[in-house]
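> File data-v7.txt follows (compact mmCIF, C-alpha atoms and all ligand atoms):
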# COMPACT_ATOMS: atom_id res chain seq x y z
CA MET A 185 145.28 43.04 -8.47
CA TYR A 186 145.77 39.71 -6.64
CA ALA A 187 147.96 38.01 -9.25
CA GLN A 188 151.20 38.83 -7.45
CA ALA A 189 150.08 37.66 -4.02
CA LEU A 190 148.56 34.53 -5.52
CA ASN A 191 151.72 33.69 -7.45
CA ALA A 192 153.81 34.14 -4.31
CA VAL A 193 151.56 31.70 -2.41
CA LEU A 194 151.60 29.21 -5.29
CA GLU A 195 155.39 29.40 -5.37
CA ARG A 196 155.55 28.77 -1.62
CA LEU A 197 153.28 25.73 -2.04
CA ALA A 198 155.27 24.36 -4.96
CA ALA A 199 158.59 24.84 -3.15
CA ALA A 200 157.28 23.25 0.05
CA ALA A 201 155.89 20.27 -1.85
CA ARG A 202 159.13 19.84 -3.78
CA ASP A 203 161.25 20.01 -0.61
CA ALA A 204 159.02 17.50 1.16
CA GLY A 205 158.61 15.19 -1.84
CA ARG A 206 154.85 15.49 -1.47
CA PRO A 207 152.05 16.50 -3.87
CA VAL A 208 151.11 20.19 -4.11
CA PRO A 209 148.08 20.71 -1.86
CA ARG A 210 144.85 22.37 -2.88
CA LEU A 211 144.59 26.08 -2.09
CA LEU A 212 141.50 27.34 -0.28
CA ALA A 213 141.28 31.15 -0.44
CA VAL A 214 139.95 32.39 2.91
CA SER A 215 137.83 35.42 2.05
CA LYS A 216 136.29 36.23 5.45
CA THR A 217 135.89 39.99 6.08
CA HIS A 218 136.72 40.73 2.42
CA PRO A 219 133.91 41.92 0.14
CA ALA A 220 132.32 40.06 -2.75
CA THR A 221 134.30 42.19 -5.20
CA ALA A 222 137.52 40.81 -3.68
CA VAL A 223 136.21 37.27 -4.09
CA ALA A 224 135.42 37.96 -7.74
CA GLU A 225 138.90 39.35 -8.37
CA MET A 226 140.59 36.46 -6.61
CA ALA A 227 138.48 33.98 -8.58
CA SER A 228 139.74 35.57 -11.81
CA ALA A 229 143.33 35.38 -10.58
CA LEU A 230 142.86 31.71 -9.63
CA ARG A 231 141.39 30.89 -13.05
CA ALA A 232 144.26 32.70 -14.80
CA ALA A 233 146.78 30.74 -12.72
CA ALA A 234 145.04 27.48 -13.57
CA ALA A 235 145.11 28.36 -17.26
CA SER A 236 148.81 29.24 -17.13
CA GLY A 237 149.51 25.70 -16.03
CA THR A 238 151.84 26.27 -13.07
CA THR A 239 151.01 24.29 -9.95
CA VAL A 240 147.60 23.54 -11.43
CA THR A 241 146.76 21.03 -8.75
CA ALA A 242 146.66 23.88 -6.23
CA VAL A 243 143.91 25.64 -8.17
CA ALA A 244 142.02 22.68 -9.66
CA PRO A 245 139.18 21.82 -10.06
CA GLY A 246 138.32 25.53 -9.73
CA PRO A 247 138.36 28.49 -7.37
CA ALA A 248 137.44 27.58 -3.78
CA PHE A 249 136.69 30.06 -0.99
CA GLY A 250 136.56 29.65 2.78
CA GLU A 251 134.19 31.61 5.00
CA ASN A 252 133.70 31.56 8.78
CA TYR A 253 130.11 32.78 9.00
CA VAL A 254 127.05 31.45 7.19
CA GLN A 255 125.40 34.87 6.77
CA GLU A 256 128.53 36.51 5.44
CA ALA A 257 128.96 33.75 2.86
CA LEU A 258 125.30 33.96 1.80
CA ALA A 259 125.57 37.71 1.28
CA LYS A 260 128.63 37.27 -0.95
CA GLN A 261 127.05 34.44 -2.92
CA GLN A 262 124.00 36.60 -3.62
CA ALA A 263 126.16 39.56 -4.64
CA LEU A 264 128.16 37.32 -6.93
CA THR A 265 125.50 35.70 -9.08
CA PRO A 266 126.51 33.36 -10.51
CA GLY A 267 128.35 32.84 -7.22
CA LYS A 268 127.35 29.22 -7.43
CA THR A 269 130.09 28.56 -9.99
CA LEU A 270 132.55 29.01 -7.13
CA GLU A 271 133.14 26.35 -4.49
CA TRP A 272 132.34 27.43 -0.92
CA HIS A 273 133.78 25.93 2.27
CA LEU A 274 132.55 26.69 5.77
CA ILE A 275 135.62 26.85 8.02
CA GLY A 276 134.08 28.54 11.07
CA HIS A 277 132.16 26.99 13.95
CA LEU A 278 128.63 25.97 12.98
CA GLN A 279 125.75 26.22 15.42
CA SER A 280 123.10 23.55 14.96
CA ASN A 281 120.39 26.15 14.37
CA LYS A 282 122.34 27.33 11.29
CA ALA A 283 122.76 23.83 9.88
CA ARG A 284 119.84 24.15 7.48
CA GLU A 285 121.25 27.27 5.82
CA ALA A 286 124.78 25.89 5.81
CA ALA A 287 123.71 22.60 4.23
CA ALA A 288 122.22 24.51 1.30
CA ALA A 289 124.83 27.25 0.89
CA PHE A 290 128.12 25.37 1.10
CA ASP A 291 129.85 22.64 -0.91
CA TRP A 292 132.01 21.67 2.05
CA VAL A 293 131.65 22.00 5.82
CA GLN A 294 135.08 21.61 7.43
CA THR A 295 133.98 22.08 11.04
CA VAL A 296 131.86 19.04 11.90
CA ASP A 297 132.72 18.08 15.47
CA ARG A 298 129.61 16.45 17.00
CA ASP A 299 126.86 13.95 16.20
CA LYS A 300 124.06 16.49 16.43
CA LEU A 301 125.58 18.47 13.58
CA VAL A 302 126.00 15.33 11.44
CA ALA A 303 122.31 14.58 11.72
CA ALA A 304 121.23 18.18 11.11
CA LEU A 305 123.41 18.64 8.02
CA ALA A 306 122.26 15.30 6.56
CA ARG A 307 118.61 16.14 7.15
CA HIS A 308 118.88 19.56 5.53
CA ARG A 309 121.17 18.90 2.55
CA PRO A 310 118.86 19.71 -0.41
CA ASP A 311 117.98 16.78 -2.65
CA GLY A 312 118.95 18.61 -5.83
CA LEU A 313 122.57 19.00 -4.70
CA PRO A 314 125.33 16.38 -4.55
CA PRO A 315 126.22 15.07 -1.08
CA LEU A 316 127.80 17.69 1.19
CA ASN A 317 131.56 17.23 1.57
CA VAL A 318 132.44 17.01 5.25
CA LEU A 319 135.63 17.25 7.30
CA VAL A 320 135.83 16.39 10.97
CA GLN A 321 137.40 19.22 12.94
CA VAL A 322 139.86 18.02 15.57
CA ASN A 323 140.94 20.07 18.60
CA ILE A 324 144.42 18.66 18.13
CA ASP A 325 146.15 20.66 20.88
CA ASP A 326 143.37 19.96 23.38
CA GLU A 327 142.84 23.68 23.91
CA ALA A 328 140.21 24.66 26.45
CA GLY A 329 137.27 26.46 24.92
CA LYS A 330 138.26 25.59 21.33
CA HIS A 331 135.90 23.82 18.97
CA GLY A 332 136.68 20.44 17.44
CA CYS A 333 136.34 16.90 18.72
CA THR A 334 139.07 15.01 20.55
CA PRO A 335 141.30 12.65 18.55
CA GLY A 336 139.57 9.77 20.31
CA GLN A 337 136.16 10.86 19.03
CA VAL A 338 137.19 10.86 15.35
CA PRO A 339 136.46 7.19 14.50
CA ALA A 340 132.87 7.20 15.80
CA LEU A 341 132.07 10.56 14.25
CA ALA A 342 133.50 9.37 10.93
CA VAL A 343 131.30 6.26 11.02
CA ALA A 344 128.25 8.45 11.71
CA ILE A 345 129.07 10.71 8.74
CA ALA A 346 129.82 7.80 6.41
CA ALA A 347 126.42 6.30 7.24
CA GLN A 348 124.65 9.40 5.86
CA PRO A 349 123.97 9.25 2.11
CA ARG A 350 123.56 13.05 1.94
CA LEU A 351 127.07 13.56 3.37
CA LEU A 352 130.45 12.58 1.97
CA LEU A 353 133.23 12.09 4.49
CA ARG A 354 136.38 13.60 2.98
CA GLY A 355 138.77 13.82 5.92
CA LEU A 356 140.03 16.00 8.75
CA MET A 357 140.63 19.65 9.55
CA ALA A 358 142.56 21.31 12.38
CA ILE A 359 143.60 24.72 13.62
CA PRO A 360 146.64 24.00 15.83
CA ALA A 361 147.39 26.37 18.70
CA PRO A 362 149.12 29.45 17.25
CA HIS A 363 152.35 28.65 19.04
CA PRO A 364 155.09 31.18 18.21
CA ASP A 365 157.58 28.31 18.14
CA LEU A 366 156.81 26.77 14.75
CA GLU A 367 158.33 23.45 15.76
CA ARG A 368 155.55 23.08 18.32
CA ARG A 369 153.04 23.51 15.51
CA ARG A 370 154.85 20.81 13.55
CA GLU A 371 154.10 18.33 16.33
CA ALA A 372 150.39 19.06 15.98
CA PHE A 373 150.56 18.59 12.20
CA ILE A 374 152.34 15.25 12.67
CA ARG A 375 149.61 14.05 15.04
CA MET A 376 146.95 15.12 12.52
CA LYS A 377 148.68 13.20 9.72
CA ALA A 378 148.73 10.04 11.83
CA LEU A 379 145.00 10.43 12.58
CA PHE A 380 144.33 11.06 8.91
CA ASP A 381 146.25 7.97 7.78
CA ALA A 382 144.38 5.83 10.30
CA LEU A 383 141.04 7.24 9.13
CA ALA A 384 141.87 6.60 5.47
CA THR A 385 142.46 2.92 6.15
CA GLN A 386 138.88 2.70 7.49
CA HIS A 387 137.26 4.98 4.89
CA PRO A 388 138.79 4.74 1.40
CA GLN A 389 136.98 7.90 0.19
CA VAL A 390 138.98 10.01 2.67
CA ASP A 391 141.43 12.20 0.73
CA THR A 392 141.61 15.58 2.46
CA LEU A 393 143.76 16.80 5.33
CA SER A 394 143.03 20.52 5.78
CA MET A 395 145.74 22.27 7.80
CA GLY A 396 148.14 25.17 7.42
CA MET A 397 147.41 28.90 7.17
CA SER A 398 149.40 31.90 5.86
CA GLU A 399 152.12 31.66 8.51
CA ASP A 400 152.76 27.94 8.47
CA ILE A 401 151.84 26.49 5.08
CA GLU A 402 155.37 25.15 4.53
CA LEU A 403 155.24 23.20 7.78
CA ALA A 404 151.77 21.87 7.05
CA VAL A 405 152.74 20.75 3.55
CA ALA A 406 155.90 19.10 4.86
CA GLU A 407 153.77 17.08 7.28
CA GLY A 408 151.17 16.02 4.71
CA ALA A 409 148.45 18.67 4.29
CA THR A 410 146.40 18.12 1.13
CA MET A 411 144.55 21.43 1.52
CA VAL A 412 145.81 24.71 2.97
CA ARG A 413 143.55 27.58 4.03
CA VAL A 414 145.14 30.92 3.21
CA GLY A 415 143.69 34.36 3.93
CA THR A 416 146.22 37.03 4.85
CA ALA A 417 148.92 35.99 2.37
CA LEU A 418 146.39 36.24 -0.49
CA PHE A 419 144.11 39.14 0.44
CA GLY A 420 146.29 41.16 2.81
CA ARG A 421 145.63 41.95 6.45
CA ARG A 422 142.10 41.86 7.82
CA ASP A 423 140.84 44.94 9.70
C1 LIG B 1 140.97 32.97 9.11
C2 LIG B 1 141.23 31.52 8.97
C3 LIG B 1 142.24 31.03 8.11
C4 LIG B 1 143.19 31.93 7.33
O1 LIG B 1 144.14 32.48 8.19
P1 LIG B 1 145.34 33.40 7.62
O2 LIG B 1 146.31 33.42 8.72
O3 LIG B 1 144.75 34.73 7.32
O4 LIG B 1 145.86 32.74 6.41
C5 LIG B 1 142.38 29.66 7.98
N1 LIG B 1 141.59 28.80 8.64
C6 LIG B 1 140.61 29.23 9.48
C7 LIG B 1 139.78 28.23 10.19
C8 LIG B 1 140.42 30.59 9.67
O5 LIG B 1 139.46 31.00 10.51
Can the structure in the file be given as structure tokens, please?

Amino acid sequence: MYAQALNAVLERLAAAARDAGRPVPRLLAVSKTHPATAVAEMASALRAAAASGTTVTAVAPGPAFGENYVQEALAKQQALTPGKTLEWHLIGHLQSNKAREAAAAFDWVQTVDRDKLVAALARHRPDGLPPLNVLVQVNIDDEAGKHGCTPGQVPALAVAIAAQPRLLLRGLMAIPAPHPDLERRREAFIRMKALFDALATQHPQVDTLSMGMSEDIELAVAEGATMVRVGTALFGRRD
């Protein structure tokens, strides 16, 4: 049921990467508000796409899903046994009192934006699991009331994460202001890429720049996204 929408997104990614002369980014399927059955169907479509060999880098090393709420993700994982064969990314704001559950339920947390969260996630990452992959969320447009650290806070936060053996610093994530003028969004993506390049010189394990959603994946890929987070273009409109 999702093959057509998935192929359209994969074609957009491939075309954008070709035009920009950049690698095809990894595709994170944002499944928030959609039921576990939709996740299962999308996982099948992603596996079929990987097997067919087109734009494999977008769907390797396996299906990955993004969720905004810890409880919603847990419910889907339980419904989907063996849901653990999928890769789960937290892309919504994380309260410190949910850090214990998040550290056990997710493979990646993309929304780390303060020291307190670094310590809590490190303390609660279960010993039997590999280190938790972490992205620093940046409030790149300096929007009032939005989550994410300032660009100036990135280096210290990155050092704090890198010092934690139970965490693996992978890079940066941003949700630019949804400016109707796409060129204004491009400026935010360019600033993120510069921050990302600077971070990578300090931390060689950094390889992930998560930016771009259904509306603006071409722009994000053109400016250097290595992971795009796509909901609507894959699953259809949310209620
Ligand atoms: C919902 C969401 C997305 C997906 O947005 P679409 O416009 O539906 O593709 C991506 N990133 C974050 C952080 C989100 O909350």
> Of the candidates A:Ala201, A:Leu316, A:Val293, A:Ala286, which one gets nearest to Thr241 of chain A if we count all atoms listed in the file?
A:Ala201
> Between A:Arg196, A:His273, A:Arg298, A:Lys330, which residue has the minimum interatomic distance to Lys216 of chain A, considering all atoms listed in the file?
A:His273
> Tell me, in Å to one decimal, how far atom CA of Leu264 of chain A is from atom CA of Leu230 of chain A.
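Separation of atom CA of Leu264 of chain A and atom CA of Leu230 of chain A: 16.0 Å.
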> If I put a ball of radius 7 Å at (121.0, 23.7, -3.0) in the file's coordinates, which residues poke into it when counting all atoms listed in the file, written as a list in words?
Ala288, Ala289, Pro310, Gly312 and Leu313 of chain A
> Hey, can you check how far atom CA of Gln348 of chain A sits from atom CA of Ala306 of chain A?
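Straight-line distance from atom CA of Gln348 of chain A to atom CA of Ala306 of chain A works out to 6.4 Å.
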> Report, in Å to a single decimal, how far apart atom CA of Ala222 of chain A and atom CA of Gln262 of chain A are.
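Pair atom CA of Gln262 of chain A / atom CA of Ala222 of chain A returns 14.2 Å.
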> Please identify all polymer residues within 10 Å of segment 400-409 of chain A, counting all atoms listed in the file, omitting same-chain residues fewer than 2 positions from it, and present them as a ChimeraX atom specification.
/A:193,196-210,356-357,362,366-367,369-378,380-381,392-398,411-414
> Using only C-alpha atoms, which of A:Asp299, A:Glu251, A:Asp311, A:Glu327 sits nearest His277 of chain A?
A:Glu251
> Would you please work out which residue, of A:Ala189, A:Ala328, A:Ala347, A:Leu418, is nearest to ligand LIG 1 (chain B) when using only C-alpha atoms and all ligand atoms?
A:Leu418
> Rank A:Val322, A:Arg350, A:Glu195, A:Gly336 by their smallest atom-to-atom distance to Ala287 of chain A, using only C-alpha atoms, and report the top residue only.
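Looking at the shortest contact to Ala287 of chain A, the residue is A:Arg350.
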> Restricted to all heavy atoms, what does segment 282-298 of chain A look like when written out as a CSV table (one decimal), in the first residue's frame?

chain,number,residue,atom,x,y,z
A,282,LYS,N,11.3,11.5,31.5
A,282,LYS,CA,11.1,10.4,30.6
A,282,LYS,C,12.4,9.8,30.0
A,282,LYS,O,12.3,8.9,29.1
A,282,LYS,CB,10.2,10.9,29.4
A,282,LYS,CG,8.8,11.3,29.7
A,282,LYS,CD,7.9,10.1,29.7
A,282,LYS,CE,6.5,10.5,30.2
A,282,LYS,NZ,5.8,11.6,29.5
A,283,ALA,N,13.5,10.3,30.5
A,283,ALA,CA,14.8,9.9,29.9
A,283,ALA,C,15.0,8.4,30.2
A,283,ALA,O,15.6,7.7,29.3
A,283,ALA,CB,15.9,10.7,30.5
A,284,ARG,N,14.6,7.8,31.3
A,284,ARG,CA,14.9,6.4,31.6
A,284,ARG,C,14.2,5.6,30.5
A,284,ARG,O,14.8,4.7,29.9
A,284,ARG,CB,14.3,6.0,33.0
A,284,ARG,CG,14.5,4.6,33.3
A,284,ARG,CD,13.7,4.2,34.5
A,284,ARG,NE,14.2,4.7,35.7
A,284,ARG,CZ,15.2,4.2,36.5
A,284,ARG,NH1,15.7,3.0,36.1
A,284,ARG,NH2,15.6,4.7,37.6
A,285,GLU,N,12.9,5.8,30.3
A,285,GLU,CA,12.2,5.0,29.3
A,285,GLU,C,12.7,5.2,27.9
A,285,GLU,O,12.9,4.3,27.1
A,285,GLU,CB,10.7,5.5,29.3
A,285,GLU,CG,9.9,4.9,30.4
A,285,GLU,CD,8.5,5.5,30.4
A,285,GLU,OE1,8.4,6.7,30.6
A,285,GLU,OE2,7.5,4.7,30.3
A,286,ALA,N,13.1,6.5,27.6
A,286,ALA,CA,13.6,6.8,26.2
A,286,ALA,C,14.9,6.1,26.0
A,286,ALA,O,15.2,5.5,24.9
A,286,ALA,CB,13.7,8.3,26.0
A,287,ALA,N,15.8,6.0,27.0
A,287,ALA,CA,17.1,5.5,26.9
A,287,ALA,C,17.0,4.0,26.6
A,287,ALA,O,17.9,3.4,26.0
A,287,ALA,CB,17.9,5.7,28.1
A,288,ALA,N,15.9,3.3,27.0
A,288,ALA,CA,15.7,1.9,26.8
A,288,ALA,C,15.0,1.6,25.5
A,288,ALA,O,15.2,0.6,24.9
A,288,ALA,CB,15.0,1.3,28.0
A,289,ALA,N,14.1,2.5,25.1
A,289,ALA,CA,13.2,2.2,24.0
A,289,ALA,C,13.7,2.6,22.6
A,289,ALA,O,13.3,2.1,21.6
A,289,ALA,CB,11.9,2.9,24.2
A,290,PHE,N,14.7,3.6,22.6
A,290,PHE,CA,15.1,4.1,21.3
A,290,PHE,C,16.5,3.7,21.0
A,290,PHE,O,17.3,3.4,21.9
A,290,PHE,CB,15.0,5.6,21.3
A,290,PHE,CG,13.5,6.1,21.3
A,290,PHE,CD1,12.8,6.3,22.4
A,290,PHE,CD2,12.9,6.3,20.1
A,290,PHE,CE1,11.5,6.7,22.4
A,290,PHE,CE2,11.5,6.7,20.0
A,290,PHE,CZ,10.9,6.9,21.2
A,291,ASP,N,16.8,3.7,19.7
A,291,ASP,CA,18.2,3.5,19.2
A,291,ASP,C,18.9,4.8,19.0
A,291,ASP,O,20.1,4.9,19.1
A,291,ASP,CB,18.2,2.7,17.9
A,291,ASP,CG,17.5,1.4,18.0
A,291,ASP,OD1,18.0,0.5,18.6
A,291,ASP,OD2,16.3,1.3,17.5
A,292,TRP,N,18.1,5.8,18.7
A,292,TRP,CA,18.6,7.2,18.6
A,292,TRP,C,17.7,8.2,19.3
A,292,TRP,O,16.5,8.0,19.3
A,292,TRP,CB,18.6,7.7,17.1
A,292,TRP,CG,19.5,7.0,16.1
A,292,TRP,CD1,19.5,5.7,15.8
A,292,TRP,CD2,20.5,7.6,15.3
A,292,TRP,NE1,20.5,5.4,14.8
A,292,TRP,CE2,21.1,6.6,14.5
A,292,TRP,CE3,20.9,8.9,15.2
A,292,TRP,CZ2,22.1,6.9,13.6
A,292,TRP,CZ3,22.0,9.2,14.3
A,292,TRP,CH2,22.5,8.2,13.5
A,293,VAL,N,18.3,9.2,19.9
A,293,VAL,CA,17.6,10.4,20.4
A,293,VAL,C,18.1,11.6,19.7
A,293,VAL,O,19.3,11.9,19.8
A,293,VAL,CB,17.7,10.5,21.9
A,293,VAL,CG1,17.0,11.8,22.4
A,293,VAL,CG2,17.0,9.3,22.7
A,294,GLN,N,17.3,12.2,18.9
A,294,GLN,CA,17.7,13.3,18.0
A,294,GLN,C,17.5,14.7,18.7
A,294,GLN,O,17.8,15.7,18.1
A,294,GLN,CB,16.9,13.3,16.7
A,294,GLN,CG,17.2,12.0,15.9
A,294,GLN,CD,16.9,12.3,14.4
A,294,GLN,OE1,16.6,13.4,13.9
A,294,GLN,NE2,17.0,11.2,13.6
A,295,THR,N,17.0,14.7,19.9
A,295,THR,CA,16.5,16.0,20.5
A,295,THR,C,17.3,16.3,21.8
A,295,THR,O,16.7,16.9,22.7
A,295,THR,CB,15.0,15.9,20.7
A,295,THR,OG1,14.7,14.7,21.4
A,295,THR,CG2,14.2,15.9,19.4
A,296,VAL,N,18.5,16.0,21.8
A,296,VAL,CA,19.3,16.3,23.1
A,296,VAL,C,19.7,17.8,23.0
A,296,VAL,O,20.4,18.2,22.0
A,296,VAL,CB,20.5,15.4,23.2
A,296,VAL,CG1,21.4,15.9,24.3
A,296,VAL,CG2,20.0,14.0,23.4
A,297,ASP,N,19.3,18.6,23.9
A,297,ASP,CA,19.6,20.0,23.9
A,297,ASP,C,20.0,20.6,25.2
A,297,ASP,O,20.1,21.9,25.3
A,297,ASP,CB,18.3,20.8,23.3
A,297,ASP,CG,17.1,20.6,24.2
A,297,ASP,OD1,17.2,19.9,25.2
A,297,ASP,OD2,16.1,21.2,23.8
A,298,ARG,N,20.3,19.8,26.2
A,298,ARG,CA,20.8,20.3,27.5
A,298,ARG,C,21.6,19.3,28.2
A,298,ARG,O,21.3,18.1,28.1
A,298,ARG,CB,19.6,20.9,28.3
A,298,ARG,CG,18.5,19.8,28.6
A,298,ARG,CD,17.2,20.5,28.9
A,298,ARG,NE,16.2,19.5,29.4
A,298,ARG,CZ,15.5,18.7,28.6
A,298,ARG,NH1,15.7,18.7,27.3
A,298,ARG,NH2,14.7,17.8,29.1
